[in-house]
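Printed here is upload-v8.cif (mmCIF, C-alpha atoms):
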```cif
data_structure
#
loop_
_atom_site.label_atom_id
_atom_site.label_comp_id
_atom_site.auth_asym_id
_atom_site.auth_seq_id
_atom_site.Cartn_x
_atom_site.Cartn_y
_atom_site.Cartn_z
CA MET W 295 0.00 0.00 0.00
CA THR W 296 1.32 3.42 -0.96
CA ALA W 297 1.24 5.87 1.94
CA THR W 298 0.49 9.57 1.86
CA VAL W 299 3.75 11.48 2.36
CA SER W 300 4.07 15.08 3.54
CA ASP W 301 7.13 17.31 3.79
CA PHE W 302 5.27 20.05 5.67
CA TYR W 303 3.86 18.33 8.77
CA TYR W 304 4.51 21.48 10.86
CA GLY W 305 3.53 23.91 8.12
CA ALA W 306 5.91 26.64 6.95
CA VAL W 307 8.08 26.49 10.08
CA THR W 308 10.47 23.78 8.88
CA PRO W 309 11.03 24.99 5.28
CA VAL W 310 11.62 28.58 6.44
CA ALA W 311 14.02 27.48 9.20
CA ALA W 312 15.79 25.13 6.76
CA TYR W 313 16.20 27.95 4.23
CA LEU W 314 17.65 30.28 6.86
CA MET W 315 20.21 27.67 7.90
CA ALA W 316 21.23 27.11 4.28
CA CYS W 317 21.69 30.89 3.89
CA LEU W 318 23.73 31.10 7.10
CA GLY W 319 26.07 28.30 6.02
CA ALA W 320 26.48 29.83 2.56
CA ALA W 321 27.14 33.33 3.95
CA LEU W 322 29.79 32.10 6.37
CA GLY W 323 31.41 29.96 3.69
CA LEU W 324 31.59 32.88 1.26
CA ARG W 325 33.13 35.20 3.83
CA CYS W 326 35.68 32.59 4.91
CA THR W 327 36.68 31.93 1.31
CA THR W 328 37.10 35.67 0.75
CA ARG W 329 39.38 35.83 3.77
CA SER W 330 41.43 32.93 2.44
CA LEU W 331 42.06 34.72 -0.85
CA ARG W 332 43.13 37.89 0.94
CA ARG W 333 45.35 36.04 3.43
CA PRO W 334 47.29 33.38 1.55
CA GLN W 335 49.56 32.71 4.51
CA HIS W 336 46.57 31.24 6.37
CA ARG W 337 44.52 30.14 3.39
CA ALA W 338 44.05 26.54 4.50
CA ARG W 339 42.55 27.58 7.85
CA TRP W 340 39.97 29.87 6.31
CA LEU W 341 39.11 27.40 3.54
CA ALA W 342 38.65 24.64 6.11
CA MET W 343 36.32 26.78 8.19
CA GLY W 344 34.43 27.78 5.07
CA ALA W 345 33.98 24.14 4.06
CA VAL W 346 32.79 23.19 7.54
CA SER W 347 30.37 26.13 7.58
CA ILE W 348 28.84 25.31 4.19
CA GLY W 349 28.74 21.57 4.93
CA CYS W 350 27.10 22.05 8.32
CA GLY W 351 24.68 24.56 6.82
CA ILE W 352 23.56 22.15 4.09
CA TRP W 353 23.28 19.21 6.49
CA THR W 354 21.41 21.27 9.08
CA MET W 355 19.05 22.51 6.37
CA HIS W 356 18.36 18.92 5.35
CA PHE W 357 17.50 17.61 8.78
CA ILE W 358 15.51 20.66 9.87
CA ALA W 359 13.44 20.12 6.74
CA MET W 360 13.16 16.42 7.61
CA ILE W 361 11.49 17.31 10.93
CA GLY W 362 8.48 18.15 8.77
CA PHE W 363 8.61 14.81 6.92
CA SER W 364 5.79 12.45 7.85
CA VAL W 365 4.32 9.25 6.47
CA GLN W 366 0.63 8.62 7.09
CA GLY W 367 0.23 5.30 8.84
CA ALA W 368 3.90 4.95 9.77
CA LEU W 369 6.39 6.08 12.36
CA VAL W 370 9.69 7.48 11.09
CA ASN W 371 13.04 6.97 12.82
CA TYR W 372 16.65 7.51 11.79
CA ASP W 373 19.75 5.37 11.98
CA THR W 374 22.31 7.33 14.01
CA THR W 375 25.39 6.04 12.17
CA LYS W 376 24.08 6.89 8.69
CA THR W 377 22.85 10.26 9.92
CA LEU W 378 26.28 11.23 11.25
CA LEU W 379 27.98 9.74 8.18
CA SER W 380 25.89 12.02 5.96
CA LEU W 381 27.25 15.02 7.92
CA LEU W 382 30.82 13.85 7.32
CA VAL W 383 30.10 13.40 3.60
CA ALA W 384 28.68 16.92 3.38
CA ILE W 385 31.76 18.50 4.95
CA VAL W 386 34.29 16.42 2.98
CA VAL W 387 32.78 16.99 -0.46
CA VAL W 388 32.34 20.72 0.15
CA ALA W 389 35.98 20.86 1.31
CA VAL W 390 37.09 19.24 -1.96
CA GLY W 391 35.36 21.92 -4.00
CA VAL W 392 36.39 24.83 -1.78
CA PHE W 393 40.06 23.82 -1.69
CA LEU W 394 40.10 23.29 -5.46
CA VAL W 395 38.92 26.82 -6.20
CA GLY W 396 40.84 28.26 -3.27
CA TYR W 397 44.18 26.98 -4.51
CA ARG W 398 43.69 26.51 -8.25
CA GLY W 399 41.49 29.53 -8.97
CA GLY W 400 38.10 30.07 -10.55
CA SER W 401 38.77 29.13 -14.18
CA PRO W 402 35.75 27.67 -16.00
CA LEU W 403 37.29 24.18 -16.13
CA ASN W 404 38.25 24.21 -12.47
CA LEU W 405 34.82 25.49 -11.44
CA ALA W 406 33.15 22.81 -13.55
CA ILE W 407 35.19 20.04 -11.92
CA ALA W 408 34.86 21.39 -8.38
CA GLY W 409 31.15 22.15 -8.82
CA THR W 410 30.40 18.70 -10.22
CA VAL W 411 32.28 16.91 -7.44
CA THR W 412 30.69 19.06 -4.75
CA GLY W 413 27.20 18.86 -6.24
CA LEU W 414 27.34 15.08 -6.54
CA GLY W 415 28.58 14.94 -2.96
CA VAL W 416 25.74 17.13 -1.71
CA ALA W 417 23.26 14.90 -3.51
CA ALA W 418 24.97 11.85 -1.98
CA MET W 419 24.62 13.48 1.45
CA HIS W 420 20.90 13.99 0.83
CA TYR W 421 20.20 10.43 -0.26
CA LEU W 422 22.43 8.96 2.43
CA GLY W 423 20.38 10.93 4.93
CA MET W 424 17.27 9.48 3.34
CA ALA W 425 18.79 5.99 3.58
CA ALA W 426 19.00 6.55 7.34
CA ILE W 427 15.19 6.55 7.55
CA GLU W 428 13.72 3.55 9.34
CA THR W 429 10.00 3.00 8.90
CA ASN W 430 7.50 0.19 8.43
CA GLY W 431 7.74 0.35 4.68
CA THR W 432 10.12 0.86 1.76
CA LEU W 433 11.11 4.10 0.10
CA HIS W 434 10.93 4.38 -3.68
CA TYR W 435 12.25 7.18 -5.88
CA ASP W 436 11.15 8.57 -9.21
CA PRO W 437 14.32 8.37 -11.34
CA MET W 438 13.71 11.53 -13.39
CA THR W 439 13.05 13.64 -10.30
CA VAL W 440 16.18 12.26 -8.67
CA VAL W 441 18.22 13.24 -11.74
CA LEU W 442 16.69 16.72 -11.62
CA SER W 443 17.65 17.09 -7.95
CA VAL W 444 21.24 16.08 -8.74
CA VAL W 445 21.40 18.61 -11.60
CA ILE W 446 20.16 21.31 -9.24
CA ALA W 447 22.76 20.26 -6.66
CA VAL W 448 25.59 20.50 -9.20
CA GLY W 449 24.33 23.85 -10.45
CA ALA W 450 23.99 25.23 -6.92
CA ALA W 451 27.44 23.99 -5.92
CA THR W 452 29.07 25.47 -9.02
CA ALA W 453 27.34 28.82 -8.48
CA ALA W 454 28.36 28.85 -4.81
CA LEU W 455 32.01 28.16 -5.66
CA TRP W 456 31.97 30.81 -8.36
CA ALA W 457 30.55 33.32 -5.88
CA ALA W 458 33.17 32.33 -3.32
CA VAL W 459 36.06 33.35 -5.59
CA SER W 460 34.35 36.16 -7.50
CA ILE W 461 32.21 38.12 -5.02
CA HIS W 462 34.18 39.83 -2.28
CA ALA W 463 32.02 42.78 -1.18
CA LEU W 464 30.07 42.16 2.03
CA TRP W 465 26.59 43.02 0.80
CA ALA W 466 27.08 41.25 -2.51
CA SER W 467 28.14 38.05 -0.74
CA LEU W 468 25.13 38.28 1.59
CA GLY W 469 22.86 38.61 -1.43
CA ALA W 470 24.58 35.64 -3.05
CA SER W 471 24.03 33.58 0.09
CA LEU W 472 20.28 34.24 -0.12
CA VAL W 473 20.27 32.93 -3.69
CA MET W 474 22.36 29.93 -2.64
CA GLY W 475 19.84 29.22 0.11
CA VAL W 476 17.05 29.05 -2.47
CA ALA W 477 19.10 26.70 -4.68
CA VAL W 478 20.12 24.33 -1.88
CA THR W 479 16.64 24.23 -0.32
CA GLY W 480 15.13 23.77 -3.76
CA MET W 481 17.44 20.81 -4.36
CA HIS W 482 16.26 19.24 -1.10
CA TYR W 483 12.56 19.56 -1.80
CA THR W 484 13.01 18.44 -5.39
CA GLY W 485 14.66 15.30 -4.04
CA MET W 486 11.83 14.86 -1.56
CA ALA W 487 9.29 15.13 -4.38
CA ALA W 488 10.82 11.95 -5.82
CA VAL W 489 9.96 9.94 -2.68
CA SER W 490 7.07 7.53 -2.27
CA VAL W 491 6.60 5.07 0.58
CA HIS W 492 5.08 1.62 0.26
CA LEU W 493 3.92 0.37 3.65
CA THR W 494 4.45 -3.24 4.65
CA HIS W 495 2.07 -2.96 7.61
CA GLN W 496 0.11 -0.29 9.45
CA ALA W 497 1.78 1.41 12.39
CA ALA W 498 0.05 2.06 15.67
CA SER W 499 0.46 5.82 15.23
CA ALA W 500 0.27 7.80 12.03
CA GLN W 501 2.02 10.91 13.31
CA SER W 502 5.62 11.84 13.92
CA SER W 503 6.57 11.15 17.52
CA ALA W 504 8.12 13.60 19.98
CA ASP W 505 11.05 11.18 20.29
CA LEU W 506 11.86 11.66 16.61
CA VAL W 507 11.88 15.45 16.91
CA ALA W 508 14.03 15.20 20.04
CA PHE W 509 16.49 12.91 18.22
CA LEU W 510 16.84 15.29 15.29
CA LEU W 511 17.28 18.29 17.59
CA VAL W 512 20.08 16.47 19.41
CA MET W 513 21.72 15.65 16.07
CA LEU W 514 21.41 19.28 15.02
CA ALA W 515 22.92 20.68 18.22
CA GLY W 516 26.56 20.02 17.25
CA PRO W 517 26.47 21.58 13.75
CA LEU W 518 24.50 24.54 15.10
CA VAL W 519 27.20 25.21 17.69
CA VAL W 520 29.86 24.97 14.96
CA LEU W 521 27.97 27.51 12.83
CA LEU W 522 27.61 29.82 15.82
CA ILE W 523 31.36 29.69 16.53
CA ALA W 524 32.15 30.32 12.85
CA ALA W 525 29.74 33.27 12.83
CA VAL W 526 31.45 34.81 15.86
CA ILE W 527 34.90 34.40 14.28
CA VAL W 528 33.80 35.95 10.98
CA MET W 529 31.85 38.81 12.59
CA PHE W 530 34.74 39.83 14.84
CA ASP W 531 37.32 39.53 12.10
CA PRO W 532 38.85 42.98 11.41
CA ASP W 533 37.80 42.99 7.76
CA MET W 534 34.18 42.34 8.68
CA MET W 535 34.13 45.04 11.36
CA LEU W 536 35.78 47.71 9.21
CA GLY W 537 34.42 46.69 5.83
CA ASP W 538 36.34 45.51 2.79
CA ASP W 539 36.66 48.99 1.30
CA GLU W 540 37.88 50.56 4.53
CA THR W 541 40.54 47.94 5.16
CA SER W 542 41.82 48.37 1.63
CA GLU W 543 42.45 52.04 2.39
CA GLN W 544 44.10 51.56 5.77
CA ALA W 545 47.62 50.30 6.40
CA PRO W 546 48.82 48.50 8.28
CA ALA W 547 45.68 46.40 8.71
CA PRO W 548 44.91 44.90 12.14
CA ALA W 549 46.14 41.37 12.67
CA PRO W 550 43.41 38.90 11.65
CA LEU W 551 41.77 36.68 14.21
CA PHE W 552 43.65 33.67 12.82
CA GLY W 553 46.95 35.56 13.01
CA GLY W 554 49.17 36.59 10.14
CA ASP W 555 50.47 39.71 8.50
CA SER W 556 48.66 42.64 7.03
CA VAL W 557 45.91 41.91 4.52
CA PHE W 558 47.56 44.20 1.99
CA PRO W 559 51.34 43.95 2.52
CA ALA W 560 52.05 45.65 -0.81
CA GLN W 561 50.01 48.71 0.13
CA GLN W 562 51.55 48.75 3.59
CA GLN W 563 55.05 48.82 2.13
CA ALA W 564 54.10 51.55 -0.31
CA GLN W 565 52.69 53.75 2.42
CA GLN W 566 55.74 53.23 4.60
CA SER W 567 58.14 54.38 1.89
CA PRO W 568 58.86 58.15 1.71
CA THR W 569 56.64 60.02 -0.72
CA HIS W 570 57.85 63.60 -0.18
CA THR W 571 61.03 65.54 0.47
CA SER W 572 61.64 67.69 3.49
CA SER W 573 61.08 71.41 3.12
CA TRP W 574 64.03 71.98 5.38
#
```

C-alpha cells encoding of this file:
Amino acid sequence: MTATVSDFYYGAVTPVAAYLMACLGAALGLRCTTRSLRRPQHRARWLAMGAVSIGCGIWTMHFIAMIGFSVQGALVNYDTTKTLLSLLVAIVVVAVGVFLVGYRGGSPLNLAIAGTVTGLGVAAMHYLGMAAIETNGTLHYDPMTVVLSVVIAVGAATAALWAAVSIHALWASLGASLVMGVAVTGMHYTGMAAVSVHLTHQAASAQSSADLVAFLLVMLAGPLVVLLIAAVIVMFDPDMMLGDDETSEQAPAPAPLFGGDSVFPAQQQAQQSPTHTSSW
C-alpha cells in the first residue's frame, strides 16, 4: 500500500528554518573563502572553516526540513550512524570543491570540476540521509526527479564556488548567500518530491513522535554550535568590522583573528616608503 507522504507536517516552520540555515552556512562559507584569498599565509585555515560552515549549513538545512517529513500510517526513525555519516560526507565533499577553487582559482574548467564533485557529494549526502530513515515500509524514488535534484545540486554547488572566488564585497556576498539558500533548499525539496513510501504494515500511530523530533534536535545541536562559533569568528574579524573597502584604504591592517600579517602587505610597504622631500 502506498502511503500519503508530507514534507510540511509542521507547516511553513520547517522549510523557512531550513532555508535560513542554508543561507547562514552559505554566507559564512563565502566570507571565509574571501578571507582565504586575501590572506594566503593562512589560506588553509579559512578554507577549512568555510567548508565546515557550508557543509554544516547544508546538512542542518536537510535535517531541519526532515522534521516536517511524515508518512501517514507509519512512524519514522533515523539510523544514528548513517545520519552522522551524511554530515561527514557533506563536509568532505564541500571541502574538496572549496580547496580546489581556493588553490587553483576560478577558471571555467576548475569550477566545472569542483562544482560537479561538490554537487554530486551534496546529492549523496541527501540520499544517504534518506537511507537513514527507518520505517514500516520501503522508500521508492522517481528516477527523473532524482536526476533533476542532482542537476540542481551540481548547479547550486558550481554557483556557490563561483561566488566564493568572484564576489568579495560584504553586501554582494550576503545577497549571493540568499540565492544559494534558495538553490540548496530547492534541491532538497526536489529530491523529496521523488519519494514515495510503500507500507508493509500499518503502524500504531500515524504521526511523527516527539522522540523523533528530540532525536533530530540532538543531532542538530553540534552543527548549530559549529555555525555559531564560525559566525562569531567571521563577525569579529577585522575585515568584517571595518568593511572591505575601509581595510583596503588603511595600512597596516589589524592582525586577523587567525593571526598573520597585514591583509595588503604591498600597500603597507608603499605607504611606509617616503613620498615627499623635506622642506628643510

**Item:** Picked residues, the PyMOL selection byres ((chain W and resi 321) around 8), as an NGL selection string
**Value:** :W and (317-320 or 322-325 or 467-468 or 470-471)

**Request:** Name the residues that the PyMOL selection byres ((chain W and resi 411-419) around 10) pulls out of this structure, and write them as a PyMOL selection string.
**Result:** chain W and resi 349+352-353+356+376-377+379-392+405-410+420-425+440-441+443-452+455+478+481-482+485

Dump C-alpha atoms for the selected residues as a PDB file, in the frame of the given file?
```pdb
ATOM      1  CA  GLY W 349      28.740  21.570   4.930  1.00  0.00           C
ATOM      2  CA  ILE W 352      23.560  22.150   4.090  1.00  0.00           C
ATOM      3  CA  TRP W 353      23.280  19.210   6.490  1.00  0.00           C
ATOM      4  CA  HIS W 356      18.360  18.920   5.350  1.00  0.00           C
ATOM      5  CA  LYS W 376      24.080   6.890   8.690  1.00  0.00           C
ATOM      6  CA  THR W 377      22.850  10.260   9.920  1.00  0.00           C
ATOM      7  CA  LEU W 379      27.980   9.740   8.180  1.00  0.00           C
ATOM      8  CA  SER W 380      25.890  12.020   5.960  1.00  0.00           C
ATOM      9  CA  LEU W 381      27.250  15.020   7.920  1.00  0.00           C
ATOM     10  CA  LEU W 382      30.820  13.850   7.320  1.00  0.00           C
ATOM     11  CA  VAL W 383      30.100  13.400   3.600  1.00  0.00           C
ATOM     12  CA  ALA W 384      28.680  16.920   3.380  1.00  0.00           C
ATOM     13  CA  ILE W 385      31.760  18.500   4.950  1.00  0.00           C
ATOM     14  CA  VAL W 386      34.290  16.420   2.980  1.00  0.00           C
ATOM     15  CA  VAL W 387      32.780  16.990  -0.460  1.00  0.00           C
ATOM     16  CA  VAL W 388      32.340  20.720   0.150  1.00  0.00           C
ATOM     17  CA  ALA W 389      35.980  20.860   1.310  1.00  0.00           C
ATOM     18  CA  VAL W 390      37.090  19.240  -1.960  1.00  0.00           C
ATOM     19  CA  GLY W 391      35.360  21.920  -4.000  1.00  0.00           C
ATOM     20  CA  VAL W 392      36.390  24.830  -1.780  1.00  0.00           C
ATOM     21  CA  LEU W 405      34.820  25.490 -11.440  1.00  0.00           C
ATOM     22  CA  ALA W 406      33.150  22.810 -13.550  1.00  0.00           C
ATOM     23  CA  ILE W 407      35.190  20.040 -11.920  1.00  0.00           C
ATOM     24  CA  ALA W 408      34.860  21.390  -8.380  1.00  0.00           C
ATOM     25  CA  GLY W 409      31.150  22.150  -8.820  1.00  0.00           C
ATOM     26  CA  THR W 410      30.400  18.700 -10.220  1.00  0.00           C
ATOM     27  CA  HIS W 420      20.900  13.990   0.830  1.00  0.00           C
ATOM     28  CA  TYR W 421      20.200  10.430  -0.260  1.00  0.00           C
ATOM     29  CA  LEU W 422      22.430   8.960   2.430  1.00  0.00           C
ATOM     30  CA  GLY W 423      20.380  10.930   4.930  1.00  0.00           C
ATOM     31  CA  MET W 424      17.270   9.480   3.340  1.00  0.00           C
ATOM     32  CA  ALA W 425      18.790   5.990   3.580  1.00  0.00           C
ATOM     33  CA  VAL W 440      16.180  12.260  -8.670  1.00  0.00           C
ATOM     34  CA  VAL W 441      18.220  13.240 -11.740  1.00  0.00           C
ATOM     35  CA  SER W 443      17.650  17.090  -7.950  1.00  0.00           C
ATOM     36  CA  VAL W 444      21.240  16.080  -8.740  1.00  0.00           C
ATOM     37  CA  VAL W 445      21.400  18.610 -11.600  1.00  0.00           C
ATOM     38  CA  ILE W 446      20.160  21.310  -9.240  1.00  0.00           C
ATOM     39  CA  ALA W 447      22.760  20.260  -6.660  1.00  0.00           C
ATOM     40  CA  VAL W 448      25.590  20.500  -9.200  1.00  0.00           C
ATOM     41  CA  GLY W 449      24.330  23.850 -10.450  1.00  0.00           C
ATOM     42  CA  ALA W 450      23.990  25.230  -6.920  1.00  0.00           C
ATOM     43  CA  ALA W 451      27.440  23.990  -5.920  1.00  0.00           C
ATOM     44  CA  THR W 452      29.070  25.470  -9.020  1.00  0.00           C
ATOM     45  CA  LEU W 455      32.010  28.160  -5.660  1.00  0.00           C
ATOM     46  CA  VAL W 478      20.120  24.330  -1.880  1.00  0.00           C
ATOM     47  CA  MET W 481      17.440  20.810  -4.360  1.00  0.00           C
ATOM     48  CA  HIS W 482      16.260  19.240  -1.100  1.00  0.00           C
ATOM     49  CA  GLY W 485      14.660  15.300  -4.040  1.00  0.00           C
TER      50      GLY W 485
END
```

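Using the PyMOL selection byres ((chain W and resi 302) around 10) on the file at hand returns these residues: W:Val299, W:Ser300, W:Asp301, W:Tyr303, W:Tyr304, W:Gly305, W:Ala306, W:Val307, W:Thr308, W:Pro309, W:Ala359, W:Met360, W:Ile361, W:Gly362, W:Phe363, W:Ser364.
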
**CA of Ala426 in chain W to CA of Thr374 in chain W, distance in Å rounded to a single decimal** =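 Atom-to-atom, CA of Ala426 in chain W to CA of Thr374 in chain W, that is 7.5 Å.
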
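Proximity ranking of W:Met295, W:Val459, W:Cys350, W:Ala454 relative to Leu331 in chain W places W:Val459 first, based on all atoms listed in the file.
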
**Request:** Between CA of Asn371 in chain W and CA of Ile427 in chain W, measure the distance and give it in Å to one decimal.
**Result:**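 Answer for the CA of Asn371 in chain W to CA of Ile427 in chain W separation: 5.7 Å.
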
**Request:** May I have the residues within 9 Å of Thr432 in chain W as a PyMOL selection string, using all atoms listed in the file and disregarding those fewer than 4 positions away in the same chain?
**Result:** chain W and resi 428+490-494

**Message:** For a quick check of understanding, using only C-alpha atoms, which of W:Ile527, W:Met486, W:Ala453, W:Ala342 has the smallest distance to Pro402 in chain W?
**Reply:**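 Under the stated criterion, the closest residue is W:Ala453.
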
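Near (24.3, 28.1, 16.1), the residues that fall inside 12 Å on the basis of all atoms listed in the file are Leu314, Met315, Leu318, Gly319, Leu322, Ser347, Cys350, Gly351, Thr354, Leu514, Ala515, Gly516, Pro517, Leu518, Val519, Val520, Leu521, Leu522, Ile523, Ala524, Ala525 and Val526 of chain W.
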
**Fill in**
CA of Ala312 in chain W to CA of Val476 in chain W measures 10.1 Å

**Message:** Just checking: using only C-alpha atoms, which residue out of W:Gly396, W:Phe530, W:Gly469, W:Ala457 ends up closest to Arg333 in chain W?
**Reply:** W:Gly396

**Asked** Which residue out of W:Ala458, W:Val310, W:Val365, W:Val489 has the minimum interatomic distance to Ser330 in chain W when all atoms listed in the file are used?
**Response** W:Ala458
